[in-house]
file structure06.cif (mmCIF, C-alpha atoms)
data_run
loop_
_atom_site.label_atom_id
_atom_site.label_comp_id
_atom_site.auth_asym_id
_atom_site.auth_seq_id
_atom_site.Cartn_x
_atom_site.Cartn_y
_atom_site.Cartn_z
CA MET A 1 -63.15 -21.50 -228.13
CA LEU A 2 -65.36 -18.38 -228.13
CA LYS A 3 -67.73 -20.06 -225.67
CA THR A 4 -64.80 -20.82 -223.37
CA ILE A 5 -63.59 -17.19 -223.48
CA ALA A 6 -67.11 -15.89 -222.86
CA ALA A 7 -67.54 -18.23 -219.90
CA ALA A 8 -64.20 -17.12 -218.47
CA MET A 9 -65.19 -13.47 -218.85
CA LEU A 10 -68.48 -14.10 -217.04
CA MET A 11 -66.69 -15.89 -214.23
CA SER A 12 -64.18 -13.04 -213.98
CA ALA A 13 -66.97 -10.46 -213.86
CA ALA A 14 -68.77 -12.44 -211.17
CA PHE A 15 -65.54 -12.62 -209.15
CA VAL A 16 -65.06 -8.84 -209.40
CA VAL A 17 -68.63 -8.22 -208.25
CA THR A 18 -68.18 -10.60 -205.31
CA VAL A 19 -64.91 -8.99 -204.24
CA HIS A 20 -66.46 -5.54 -204.52
CA ALA A 21 -69.39 -6.62 -202.36
CA GLN A 22 -67.03 -7.94 -199.71
CA ASP A 23 -64.83 -4.83 -199.83
CA GLY A 24 -66.83 -1.98 -198.29
CA GLY A 25 -64.01 0.37 -199.18
CA LYS A 26 -62.57 3.43 -197.48
CA VAL A 27 -64.82 5.57 -195.28
CA THR A 28 -63.30 9.04 -194.93
CA ILE A 29 -64.14 11.03 -191.83
CA VAL A 30 -63.14 14.57 -190.90
CA THR A 31 -63.10 15.05 -187.13
CA SER A 32 -61.86 17.36 -184.42
CA PHE A 33 -61.37 14.43 -182.03
CA SER A 34 -57.88 13.24 -181.15
CA LYS A 35 -56.48 9.77 -181.89
CA ASP A 36 -57.18 8.75 -178.28
CA VAL A 37 -60.87 9.00 -179.18
CA THR A 38 -60.87 7.95 -182.83
CA ASP A 39 -58.54 4.93 -182.68
CA PRO A 40 -60.82 2.77 -180.47
CA PHE A 41 -63.81 3.59 -182.69
CA LYS A 42 -61.82 2.82 -185.83
CA ALA A 43 -60.83 -0.59 -184.43
CA GLY A 44 -64.36 -1.37 -183.25
CA PHE A 45 -66.04 -0.26 -186.48
CA GLU A 46 -63.67 -2.19 -188.74
CA ALA A 47 -64.08 -5.32 -186.59
CA ALA A 48 -67.88 -5.03 -186.68
CA ASN A 49 -67.96 -4.19 -190.41
CA PRO A 50 -65.44 -6.36 -192.28
CA GLY A 51 -64.42 -4.86 -195.59
CA PHE A 52 -64.69 -1.24 -194.47
CA THR A 53 -61.63 0.86 -193.59
CA LEU A 54 -61.99 4.10 -191.63
CA ASP A 55 -59.73 6.90 -192.86
CA VAL A 56 -59.55 9.56 -190.12
CA GLN A 57 -58.54 13.11 -191.03
CA ASN A 58 -58.04 15.31 -187.97
CA LYS A 59 -58.89 19.00 -188.26
CA SER A 60 -60.16 21.61 -185.85
CA THR A 61 -63.93 22.11 -186.01
CA SER A 62 -63.72 25.42 -187.87
CA SER A 63 -61.06 24.08 -190.26
CA GLY A 64 -63.16 20.99 -190.90
CA VAL A 65 -66.24 23.05 -191.78
CA LYS A 66 -64.19 25.23 -194.14
CA TYR A 67 -62.56 22.18 -195.75
CA ILE A 68 -65.89 20.51 -196.47
CA ASP A 69 -67.26 23.75 -197.90
CA GLU A 70 -64.20 24.42 -200.07
CA THR A 71 -64.06 20.85 -201.49
CA LYS A 72 -67.79 20.35 -202.06
CA VAL A 73 -67.48 20.38 -205.87
CA ASN A 74 -65.23 17.31 -205.76
CA ASN A 75 -66.13 15.98 -202.33
CA GLN A 76 -63.98 13.14 -200.98
CA VAL A 77 -65.33 13.15 -197.40
CA ASP A 78 -68.05 10.82 -196.13
CA LEU A 79 -68.59 12.01 -192.56
CA PHE A 80 -68.12 15.00 -190.27
CA TRP A 81 -67.68 14.16 -186.58
CA ALA A 82 -67.32 16.84 -183.87
CA SER A 83 -68.75 18.28 -180.67
CA ALA A 84 -70.09 21.68 -181.71
CA PRO A 85 -73.78 21.59 -182.72
CA ASP A 86 -73.60 25.03 -184.31
CA ALA A 87 -70.95 23.72 -186.73
CA PHE A 88 -73.43 21.10 -187.93
CA ASP A 89 -76.14 23.74 -188.18
CA SER A 90 -73.80 25.75 -190.39
CA LEU A 91 -73.08 22.77 -192.66
CA LYS A 92 -76.78 21.95 -192.86
CA SER A 93 -77.70 25.53 -193.81
CA ARG A 94 -75.17 25.37 -196.67
CA GLU A 95 -76.67 22.05 -197.88
CA LEU A 96 -73.44 20.22 -197.12
CA LEU A 97 -75.02 17.37 -195.14
CA ALA A 98 -77.16 14.48 -196.35
CA LYS A 99 -80.43 13.41 -194.75
CA PHE A 100 -80.41 9.94 -193.19
CA THR A 101 -82.53 7.74 -190.93
CA PRO A 102 -80.37 5.51 -188.67
CA SER A 103 -81.47 1.93 -188.08
CA VAL A 104 -80.88 2.34 -184.31
CA THR A 105 -84.10 3.30 -182.51
CA GLY A 106 -85.26 3.97 -178.96
CA LEU A 107 -82.69 6.62 -178.05
CA PRO A 108 -83.81 9.69 -176.04
CA GLU A 109 -85.00 12.84 -177.77
CA LYS A 110 -83.21 15.22 -175.39
CA VAL A 111 -80.16 15.42 -173.16
CA GLY A 112 -80.79 17.99 -170.46
CA SER A 113 -82.96 20.46 -172.33
CA TYR A 114 -81.19 20.10 -175.67
CA PRO A 115 -82.47 17.96 -178.61
CA VAL A 116 -80.22 14.97 -179.25
CA ASN A 117 -80.70 14.91 -183.02
CA ASP A 118 -81.35 17.42 -185.78
CA LYS A 119 -85.13 17.59 -186.23
CA ASP A 120 -84.74 17.17 -190.01
CA GLY A 121 -82.40 14.18 -189.83
CA TYR A 122 -79.17 15.74 -191.07
CA TYR A 123 -77.00 15.00 -188.01
CA PHE A 124 -77.19 12.88 -184.88
CA GLY A 125 -76.00 13.09 -181.29
CA PHE A 126 -73.84 10.15 -180.20
CA ALA A 127 -72.54 11.48 -176.85
CA ALA A 128 -73.34 14.22 -174.37
CA SER A 129 -70.81 16.95 -173.60
CA GLY A 130 -70.63 19.38 -170.70
CA TYR A 131 -68.20 22.26 -170.18
CA GLY A 132 -66.35 23.28 -167.06
CA ILE A 133 -63.18 23.54 -165.00
CA MET A 134 -60.46 20.88 -164.77
CA SER A 135 -57.81 21.21 -162.08
CA ASN A 136 -54.68 19.35 -161.03
CA ASP A 137 -55.12 18.49 -157.34
CA ARG A 138 -51.38 18.29 -156.59
CA TYR A 139 -50.69 21.58 -158.34
CA LEU A 140 -53.43 23.31 -156.34
CA GLU A 141 -52.07 21.91 -153.09
CA ALA A 142 -48.49 22.89 -153.93
CA ASN A 143 -49.60 26.45 -154.75
CA ASP A 144 -52.04 26.67 -151.83
CA LEU A 145 -54.99 27.26 -154.18
CA PRO A 146 -58.63 26.36 -153.45
CA LYS A 147 -60.43 24.19 -155.99
CA PRO A 148 -62.37 26.47 -158.38
CA VAL A 149 -65.99 25.55 -159.12
CA GLU A 150 -67.46 28.69 -160.72
CA TRP A 151 -66.32 30.84 -163.66
CA SER A 152 -66.18 33.82 -161.29
CA ASP A 153 -63.64 31.94 -159.14
CA LEU A 154 -61.19 32.10 -162.04
CA THR A 155 -61.25 35.90 -161.99
CA LYS A 156 -59.83 36.02 -158.43
CA PRO A 157 -56.26 37.25 -157.78
CA GLU A 158 -55.00 33.93 -156.42
CA TYR A 159 -55.47 32.26 -159.80
CA HIS A 160 -53.32 34.73 -161.74
CA ASP A 161 -51.03 32.85 -164.16
CA HIS A 162 -52.50 29.43 -163.25
CA ILE A 163 -55.12 28.91 -166.01
CA ALA A 164 -55.06 27.57 -169.58
CA ILE A 165 -57.68 27.75 -172.33
CA ALA A 166 -57.72 26.91 -176.04
CA ALA A 167 -58.42 29.69 -178.52
CA PRO A 168 -62.13 29.45 -179.47
CA SER A 169 -61.22 30.33 -183.06
CA ARG A 170 -59.31 27.02 -183.19
CA SER A 171 -61.43 24.89 -180.89
CA GLY A 172 -65.13 24.26 -181.40
CA THR A 173 -65.55 23.06 -177.82
CA THR A 174 -63.97 26.21 -176.42
CA HIS A 175 -66.19 28.31 -178.65
CA LEU A 176 -69.19 26.52 -177.12
CA THR A 177 -67.88 27.30 -173.63
CA ILE A 178 -67.40 30.98 -174.46
CA GLU A 179 -70.82 31.18 -176.08
CA THR A 180 -72.42 29.40 -173.11
CA ILE A 181 -71.01 31.99 -170.70
CA LEU A 182 -72.24 34.81 -172.95
CA GLN A 183 -75.71 33.28 -173.19
CA GLY A 184 -75.90 32.41 -169.51
CA GLU A 185 -74.60 35.71 -168.11
CA GLY A 186 -75.53 38.09 -170.91
CA TRP A 187 -73.23 39.86 -173.38
CA ASP A 188 -71.70 42.54 -171.13
CA LYS A 189 -71.44 40.54 -167.90
CA GLY A 190 -70.28 37.47 -169.83
CA TRP A 191 -67.45 39.36 -171.52
CA ALA A 192 -66.50 40.92 -168.17
CA THR A 193 -66.17 37.38 -166.78
CA LEU A 194 -64.21 36.19 -169.81
CA LYS A 195 -61.83 39.14 -169.60
CA GLY A 196 -61.46 38.64 -165.86
CA ILE A 197 -60.39 35.07 -166.55
CA GLY A 198 -58.30 36.26 -169.50
CA GLY A 199 -56.26 38.49 -167.23
CA ASN A 200 -55.34 35.43 -165.15
CA LEU A 201 -54.42 33.12 -168.04
CA GLN A 202 -51.06 31.44 -168.18
CA GLN A 203 -51.50 30.33 -171.78
CA VAL A 204 -53.86 30.13 -174.76
CA THR A 205 -53.33 26.89 -176.68
CA GLU A 206 -53.99 26.31 -180.37
CA ARG A 207 -55.92 23.05 -179.90
CA SER A 208 -58.38 21.97 -177.24
CA PHE A 209 -56.39 18.91 -176.13
CA GLY A 210 -53.39 21.13 -175.37
CA VAL A 211 -55.23 22.32 -172.25
CA PRO A 212 -55.75 18.93 -170.53
CA ASP A 213 -52.20 17.97 -171.49
CA ALA A 214 -50.91 21.05 -169.63
CA VAL A 215 -53.08 20.31 -166.58
CA ASN A 216 -52.21 16.59 -166.51
CA SER A 217 -48.49 17.34 -166.67
CA GLY A 218 -48.68 20.03 -163.99
CA GLN A 219 -47.48 22.69 -166.42
CA THR A 220 -50.52 24.64 -165.27
CA GLY A 221 -53.05 24.03 -162.55
CA ILE A 222 -56.41 24.79 -164.13
CA GLY A 223 -57.94 24.31 -167.56
CA ILE A 224 -61.23 25.28 -169.17
CA VAL A 225 -62.25 22.08 -170.95
CA ILE A 226 -64.98 19.77 -172.16
CA ASP A 227 -65.78 17.23 -169.45
CA PHE A 228 -64.42 14.04 -171.03
CA PHE A 229 -60.87 15.43 -171.03
CA ALA A 230 -60.97 15.35 -167.25
CA PHE A 231 -62.79 12.00 -166.97
CA SER A 232 -60.34 10.23 -169.28
CA ALA A 233 -57.41 11.76 -167.37
CA GLN A 234 -58.87 10.49 -164.09
CA ALA A 235 -59.25 7.01 -165.61
CA SER A 236 -55.58 7.14 -166.62
CA GLY A 237 -54.52 7.90 -163.06
CA PHE A 238 -53.88 11.65 -163.23
CA PRO A 239 -54.70 13.53 -160.00
CA VAL A 240 -57.31 15.81 -161.54
CA SER A 241 -60.78 17.06 -160.64
CA PHE A 242 -63.62 18.51 -162.71
CA ALA A 243 -66.43 20.92 -161.83
CA TYR A 244 -69.52 21.91 -163.81
CA PRO A 245 -70.08 25.63 -163.01
CA SER A 246 -73.66 26.72 -162.34
CA VAL A 247 -73.62 28.59 -165.67
CA THR A 248 -72.90 25.85 -168.18
CA THR A 249 -74.71 23.57 -170.58
CA VAL A 250 -74.81 20.02 -171.86
CA VAL A 251 -75.17 19.43 -175.59
CA PRO A 252 -74.75 16.44 -177.88
CA ALA A 253 -71.55 15.74 -179.76
CA ASN A 254 -72.58 14.89 -183.30
CA ILE A 255 -72.02 12.89 -186.46
CA GLY A 256 -73.33 13.77 -189.92
CA ILE A 257 -73.04 12.32 -193.43
CA VAL A 258 -71.55 14.79 -195.91
CA ALA A 259 -73.64 15.53 -199.00
CA ASN A 260 -72.58 13.49 -202.06
CA ALA A 261 -70.47 11.18 -199.91
CA PRO A 262 -68.29 8.93 -202.11
CA ASN A 263 -69.03 5.97 -199.82
CA GLN A 264 -72.64 6.46 -198.74
CA ALA A 265 -73.02 2.85 -197.56
CA GLY A 266 -69.89 3.11 -195.44
CA ALA A 267 -71.01 6.43 -193.96
CA GLU A 268 -74.38 4.96 -193.00
CA ALA A 269 -72.68 1.90 -191.50
CA PHE A 270 -70.48 4.10 -189.29
CA VAL A 271 -73.40 6.21 -188.02
CA ASN A 272 -75.34 3.05 -187.16
CA TYR A 273 -72.28 1.57 -185.41
CA LEU A 274 -71.72 4.76 -183.41
CA LEU A 275 -75.32 4.72 -182.14
CA SER A 276 -75.41 0.97 -181.47
CA GLU A 277 -74.76 -0.51 -178.02
CA LYS A 278 -71.34 -1.70 -179.24
CA GLY A 279 -70.40 1.78 -180.38
CA GLN A 280 -71.84 3.44 -177.29
CA ALA A 281 -69.86 1.07 -175.05
CA VAL A 282 -66.61 2.38 -176.60
CA LEU A 283 -67.40 5.78 -175.07
CA LEU A 284 -66.80 4.33 -171.59
CA GLU A 285 -63.28 3.12 -172.36
CA PRO A 286 -60.73 4.80 -170.03
CA ALA A 287 -59.04 6.73 -172.85
CA ILE A 288 -62.37 8.29 -173.91
CA ARG A 289 -64.87 8.47 -171.01
CA ARG A 290 -67.57 10.44 -172.80
CA LEU A 291 -71.21 10.49 -171.70
CA PRO A 292 -73.17 7.98 -173.84
CA ILE A 293 -76.42 9.06 -175.46
CA ASN A 294 -77.95 5.66 -174.65
CA PRO A 295 -79.16 5.77 -171.00
CA ALA A 296 -78.80 1.98 -170.64
CA LEU A 297 -75.01 2.24 -170.89
CA TYR A 298 -74.74 4.06 -167.55
CA GLU A 299 -75.31 0.73 -165.78
CA LYS A 300 -71.82 -0.18 -167.03
CA ALA A 301 -70.26 3.20 -166.15
CA PRO A 302 -67.61 3.51 -163.40
CA GLU A 303 -68.67 4.67 -159.94
CA GLY A 304 -69.20 8.43 -159.73
CA PHE A 305 -69.53 8.85 -163.49
CA PRO A 306 -72.08 11.61 -164.29
CA ASN A 307 -75.44 10.55 -165.76
CA PRO A 308 -77.06 13.47 -167.64
CA PHE A 309 -80.38 11.59 -167.74
CA LYS A 310 -80.64 11.28 -163.93
CA ASP A 311 -78.26 13.82 -162.38
CA PRO A 312 -80.33 16.90 -161.37
CA ARG A 313 -77.39 19.21 -162.18
CA PHE A 314 -77.95 18.59 -165.87
CA GLN A 315 -81.63 19.47 -165.69
CA SER A 316 -80.82 22.95 -164.35
CA MET A 317 -78.15 23.78 -166.95
CA ILE A 318 -78.92 26.56 -169.40
CA THR A 319 -80.53 25.80 -172.74
CA PHE A 320 -77.88 26.49 -175.35
CA ASP A 321 -79.27 28.44 -178.32
CA ALA A 322 -77.47 27.18 -181.42
CA ASP A 323 -79.19 29.78 -183.63
CA VAL A 324 -77.80 32.66 -181.55
CA SER A 325 -74.37 31.06 -181.59
CA LYS A 326 -74.42 30.43 -185.34
CA LYS A 327 -75.26 34.07 -186.12
CA ARG A 328 -72.21 35.40 -184.30
CA THR A 329 -69.69 32.53 -184.25
CA ASP A 330 -67.00 34.24 -186.33
CA VAL A 331 -67.53 37.56 -184.56
CA VAL A 332 -67.29 36.05 -181.06
CA ASP A 333 -64.17 34.06 -181.95
CA THR A 334 -62.50 37.08 -183.53
CA LEU A 335 -63.40 39.29 -180.57
CA TYR A 336 -61.87 36.77 -178.18
CA ASP A 337 -58.65 36.69 -180.21
CA GLN A 338 -58.39 40.47 -180.57
CA LEU A 339 -59.38 41.25 -176.98
CA ILE A 340 -57.70 38.37 -175.14
CA SER A 341 -55.58 35.85 -177.09
CA PHE A 342 -53.52 38.44 -179.01
CA GLN A 343 -53.58 40.92 -176.11
CA LEU A 344 -52.55 38.43 -173.45
CA ASP A 345 -49.55 40.36 -172.12
CA ASN A 346 -51.51 43.61 -172.02
CA ILE A 347 -54.59 42.24 -170.27
CA LYS A 348 -52.45 40.23 -167.82
CA GLY A 349 -50.36 43.29 -167.00
CA ALA A 350 -53.43 45.44 -166.35
CA THR A 351 -55.11 42.68 -164.32
CA LYS A 352 -52.03 42.11 -162.16
CA ALA A 353 -51.77 45.84 -161.49
CA ILE A 354 -55.42 45.88 -160.38
CA HIS A 355 -54.90 42.86 -158.12
CA GLU A 356 -51.88 44.51 -156.44
CA ALA A 357 -53.73 47.78 -155.94
CA GLU A 358 -56.82 46.04 -154.55
CA LYS A 359 -54.68 44.20 -152.01
CA ALA A 360 -53.14 47.48 -150.86
CA VAL A 361 -56.48 49.31 -150.75
CA ALA A 362 -57.99 46.50 -148.67
CA THR A 363 -55.52 47.31 -145.88
CA ASN A 364 -55.69 51.10 -146.33
CA GLU A 365 -59.15 51.94 -147.66
CA GLN A 366 -59.37 55.25 -149.49
CA ALA A 367 -62.37 56.41 -151.50
CA ALA A 368 -60.29 57.98 -154.27
CA ALA A 369 -58.24 54.81 -154.73
CA ARG A 370 -61.39 52.65 -154.72
CA ALA A 371 -62.97 54.86 -157.38
CA LEU A 372 -59.88 54.50 -159.57
CA LEU A 373 -60.07 50.71 -159.28
CA THR A 374 -63.75 50.78 -160.24
CA GLU A 375 -62.76 52.75 -163.34
CA ALA A 376 -59.96 50.26 -164.08
CA HIS A 377 -62.35 47.31 -163.94
CA ALA A 378 -64.79 49.10 -166.25
CA LEU A 379 -62.01 49.83 -168.75
CA ILE A 380 -61.04 46.14 -168.94
CA ALA A 381 -64.67 45.03 -169.23
CA ALA A 382 -65.52 47.56 -171.98
CA MET A 383 -66.61 46.08 -175.32
CA PRO A 384 -66.16 47.61 -178.79
CA ILE A 385 -69.56 46.33 -180.02
CA THR A 386 -72.92 45.31 -178.55
CA ALA A 387 -74.60 41.91 -178.78
CA GLU A 388 -76.99 43.32 -181.39
CA GLU A 389 -74.11 44.61 -183.51
CA ALA A 390 -72.28 41.26 -183.23
CA ALA A 391 -75.26 39.46 -184.76
CA SER A 392 -76.01 42.16 -187.32
CA GLN A 393 -75.81 41.30 -190.98
CA GLN A 394 -73.48 44.22 -191.58
CA ILE A 395 -70.76 42.85 -189.31
CA ARG A 396 -71.46 39.17 -190.09
CA ASP A 397 -70.94 39.87 -193.80
CA ALA A 398 -67.36 40.94 -193.07
CA PHE A 399 -66.52 37.40 -191.96
CA THR A 400 -66.79 35.11 -194.97
CA GLY A 401 -65.08 32.10 -193.40
CA GLY A 402 -62.71 31.81 -196.36
CA GLU A 403 -58.94 31.73 -196.35
CA GLU A 404 -58.67 35.33 -197.51
CA LYS A 405 -59.83 38.05 -195.14
CA THR A 406 -62.12 40.74 -196.47
CA ALA A 407 -60.92 44.32 -196.18
CA ARG A 408 -63.78 44.98 -193.77
CA GLN A 409 -62.75 42.03 -191.56
CA ALA A 410 -59.15 43.26 -191.39
CA GLU A 411 -60.42 46.75 -190.57
CA LEU A 412 -62.60 45.44 -187.72
CA GLU A 413 -59.80 43.31 -186.32
CA GLN A 414 -57.42 46.29 -186.24
CA LYS A 415 -60.09 48.48 -184.68
CA TRP A 416 -60.90 45.94 -181.94
CA ALA A 417 -57.22 45.30 -181.20
CA ALA A 418 -56.53 49.03 -180.88
CA PHE A 419 -59.59 49.39 -178.63
CA ALA A 420 -58.33 46.63 -176.32
CA SER A 421 -54.76 47.92 -176.20
CA GLU A 422 -55.93 51.42 -175.33
CA LYS A 423 -58.39 50.28 -172.64
CA TYR A 424 -55.92 47.91 -170.97
CA ALA A 425 -53.19 50.56 -170.88
CA ALA A 426 -55.62 53.02 -169.32
CA ALA A 427 -56.79 50.40 -166.78
CA LYS A 428 -53.21 49.66 -165.76
CA ALA A 429 -52.51 53.39 -165.33
CA LYS A 430 -55.62 53.78 -163.12
CA ALA A 431 -54.55 50.81 -160.97
CA GLU A 432 -51.03 52.16 -160.58
CA GLU A 433 -52.44 55.57 -159.62
CA ALA A 434 -54.65 53.90 -157.01
CA LEU A 435 -51.68 52.01 -155.61
CA ALA A 436 -49.64 55.21 -155.37
CA LEU A 437 -52.40 56.83 -153.30
CA VAL A 438 -52.28 54.18 -150.58
CA ASP A 439 -48.55 53.37 -150.55
#

call {"tool": "encode", "arguments": {"input": "structure06.cif", "output": "structure tokens"}}
result
Amino acid sequence: MLKTIAAAMLMSAAFVVTVHAQDGGKVTIVTSFSKDVTDPFKAGFEAANPGFTLDVQNKSTSSGVKYIDETKVNNQVDLFWASAPDAFDSLKSRELLAKFTPSVTGLPEKVGSYPVNDKDGYYFGFAASGYGIMSNDRYLEANDLPKPVEWSDLTKPEYHDHIAIAAPSRSGTTHLTIETILQGEGWDKGWATLKGIGGNLQQVTERSFGVPDAVNSGQTGIGIVIDFFAFSAQASGFPVSFAYPSVTTVVPANIGIVANAPNQAGAEAFVNYLLSEKGQAVLLEPAIRRLPINPALYEKAPEGFPNPFKDPRFQSMITFDADVSKKRTDVVDTLYDQLISFQLDNIKGATKAIHEAEKAVATNEQAAARALLTEAHALIAAMPITAEEAASQQIRDAFTGGEEKTARQAELEQKWAAFASEKYAAAKAKAEEALALVD
């Protein structure tokens, strides 16, 4: 009898082990990508890896980084998956990513001038991403607007109230775009460009995919987006175009295994799937249309699809400095909110007044009026801090990244908001004075 019970127990234990081996379990991934992107990968991964189930938790890039940091003591996340390389640098510096060597080999070391993978093996590029201008062709035609191709185009009077952007504090890809402009044009000129665009904005959305949705629907005509939003919209039949401005960059979108992942085997399996030819092929599906990191996949790409490994435009793009970005991420995002997002009515009002005065002065040129407009432009472009101050430890320490603001952070935000409000009001008054001189 005892032998029978013992044999049954052994058989039961063997059955449990077998079932466990066949059941890879839940693989939890935190990502900034929408369901349009994640659903095809979830289906492909689960089909290629029976027994594993992908649990996708959608958060903005900044929220995802904070979540992983705040839950590190009892971590329940296996993977972090997003576009912004500086977000991965931040996680790596806090020892929140695990080192790994994928089984997939032979992939390129660089895309454009940017390394595809982290040199220490903590995160890996799976797709290339460029940043630029998406426009709705029918909207432009209906409003008699030329197709914009440069950031400076978006500062012109004809585009007033026709542009959408996501808040960089809520969108990692928009933060990269803002930071690219600042690095490519320099701090002062870059912010002058950003504020010039800001004065023409129709809306600032809370999530990055709110911008292409607005352009696709014709709610607005122009959006500042990551390239695949436009390419996937084109594949879906929307009448949209996309332009890479001369000041832009191409960087890898990344995947990294979170330190102390509860399902390490599942996390490794997903990274290997993502880098495999099967996973890379998913990037070309119409709903996704991202640039694969495997050059061989471009033979299967639709006609006209950009190839960052052969297209000379990508070789001339600026080299994005993730270290510079990481040092001032919170400061840049907060500055954008306090100077543009939260001051939208004020900056738009001042910008419109300048546009109206410039139109009048163009037909009745007067030196005094022109001087006032020069002053008005300078007031809008003025910045409350320098690039050196933005990256200084003193100001960086005010932004802890936690849920609760420090007293110093709140003080800086109020100071920057007051600075913007005062400058925009003064700029509007100068423009109105200029207009009165020529009327």

call {"tool": "residues_around", "arguments": {"input": "structure06.cif", "residues": "segment 108-112 of chain A", "least_positions_apart": "4", "cutoff": "6 Å", "atoms": "only C-alpha atoms", "output": "list in words"}}
result
Val116, Phe314 and Gln315 of chain A

call {"tool": "closest_residue", "arguments": {"input": "structure06.cif", "among": "A:Lys195, A:Arg207, A:Lys35, A:Lys278", "to": "Lys156 of chain A", "atoms": "only C-alpha atoms"}}
result
A:Lys195

call {"tool": "closest_residue", "arguments": {"input": "structure06.cif", "among": "A:Lys99, A:Lys423, A:Lys348, A:Lys300", "to": "Ala281 of chain A", "atoms": "all atoms listed in the file"}}
result
A:Lys300

call {"tool": "residues_around", "arguments": {"input": "structure06.cif", "residues": "Lys119 of chain A", "least_positions_apart": "4", "cutoff": "12 Å", "atoms": "all atoms listed in the file", "output": "JSON, numbers by chain"}}
result
{"A": [89, 92, 99, 100, 101, 109, 110, 114, 115, 123, 124, 125]}

call {"tool": "resolve_selection", "arguments": {"input": "structure06.cif", "expression": "the PyMOL selection byres ((chain A and resi 338) around 9)", "output": "short mmCIF file (atom, residue, chain, number, x, y, z; two decimals) with C-alpha atoms, in the frame of the given file"}}
result
data_model
loop_
_atom_site.label_atom_id
_atom_site.label_comp_id
_atom_site.auth_asym_id
_atom_site.auth_seq_id
_atom_site.Cartn_x
_atom_site.Cartn_y
_atom_site.Cartn_z
CA ASP A 333 -64.17 34.06 -181.95
CA THR A 334 -62.50 37.08 -183.53
CA LEU A 335 -63.40 39.29 -180.57
CA TYR A 336 -61.87 36.77 -178.18
CA ASP A 337 -58.65 36.69 -180.21
CA LEU A 339 -59.38 41.25 -176.98
CA ILE A 340 -57.70 38.37 -175.14
CA SER A 341 -55.58 35.85 -177.09
CA PHE A 342 -53.52 38.44 -179.01
CA GLN A 343 -53.58 40.92 -176.11
CA GLU A 413 -59.80 43.31 -186.32
CA GLN A 414 -57.42 46.29 -186.24
CA TRP A 416 -60.90 45.94 -181.94
CA ALA A 417 -57.22 45.30 -181.20
CA ALA A 418 -56.53 49.03 -180.88
CA ALA A 420 -58.33 46.63 -176.32
#

call {"tool": "decode", "arguments": {"input": "structure06.cif", "residues": "segment 404-413 of chain A", "atoms": "N, CA, C and O atoms", "output": "CSV table (one decimal), in the first residue's frame"}}
result
chain,number,residue,atom,x,y,z
A,404,GLU,N,5.8,63.0,-5.6
A,404,GLU,CA,5.7,64.3,-4.9
A,404,GLU,C,6.8,65.3,-5.4
A,404,GLU,O,8.0,64.9,-5.5
A,405,LYS,N,6.3,66.5,-5.7
A,405,LYS,CA,7.3,67.5,-6.1
A,405,LYS,C,8.1,68.0,-4.9
A,405,LYS,O,7.6,68.1,-3.8
A,406,THR,N,9.4,68.3,-5.1
A,406,THR,CA,10.1,69.0,-4.1
A,406,THR,C,9.7,70.4,-4.0
A,406,THR,O,9.1,71.0,-5.0
A,407,ALA,N,10.0,71.1,-2.9
A,407,ALA,CA,9.7,72.5,-2.8
A,407,ALA,C,10.4,73.3,-3.8
A,407,ALA,O,9.9,74.3,-4.4
A,408,ARG,N,11.7,72.9,-4.1
A,408,ARG,CA,12.5,73.6,-5.1
A,408,ARG,C,11.9,73.4,-6.5
A,408,ARG,O,11.9,74.4,-7.3
A,409,GLN,N,11.4,72.3,-6.8
A,409,GLN,CA,10.8,72.0,-8.1
A,409,GLN,C,9.6,72.9,-8.3
A,409,GLN,O,9.4,73.6,-9.3
A,410,ALA,N,8.7,73.0,-7.3
A,410,ALA,CA,7.5,73.8,-7.4
A,410,ALA,C,7.9,75.3,-7.5
A,410,ALA,O,7.3,76.0,-8.3
A,411,GLU,N,9.0,75.7,-6.8
A,411,GLU,CA,9.4,77.1,-6.9
A,411,GLU,C,9.9,77.4,-8.3
A,411,GLU,O,9.6,78.5,-8.8
A,412,LEU,N,10.7,76.5,-8.9
A,412,LEU,CA,11.2,76.7,-10.2
A,412,LEU,C,10.0,76.7,-11.3
A,412,LEU,O,10.1,77.6,-12.2
A,413,GLU,N,9.1,75.9,-11.1
A,413,GLU,CA,8.0,75.8,-12.0
A,413,GLU,C,7.2,77.2,-12.0
A,413,GLU,O,6.8,77.7,-13.0
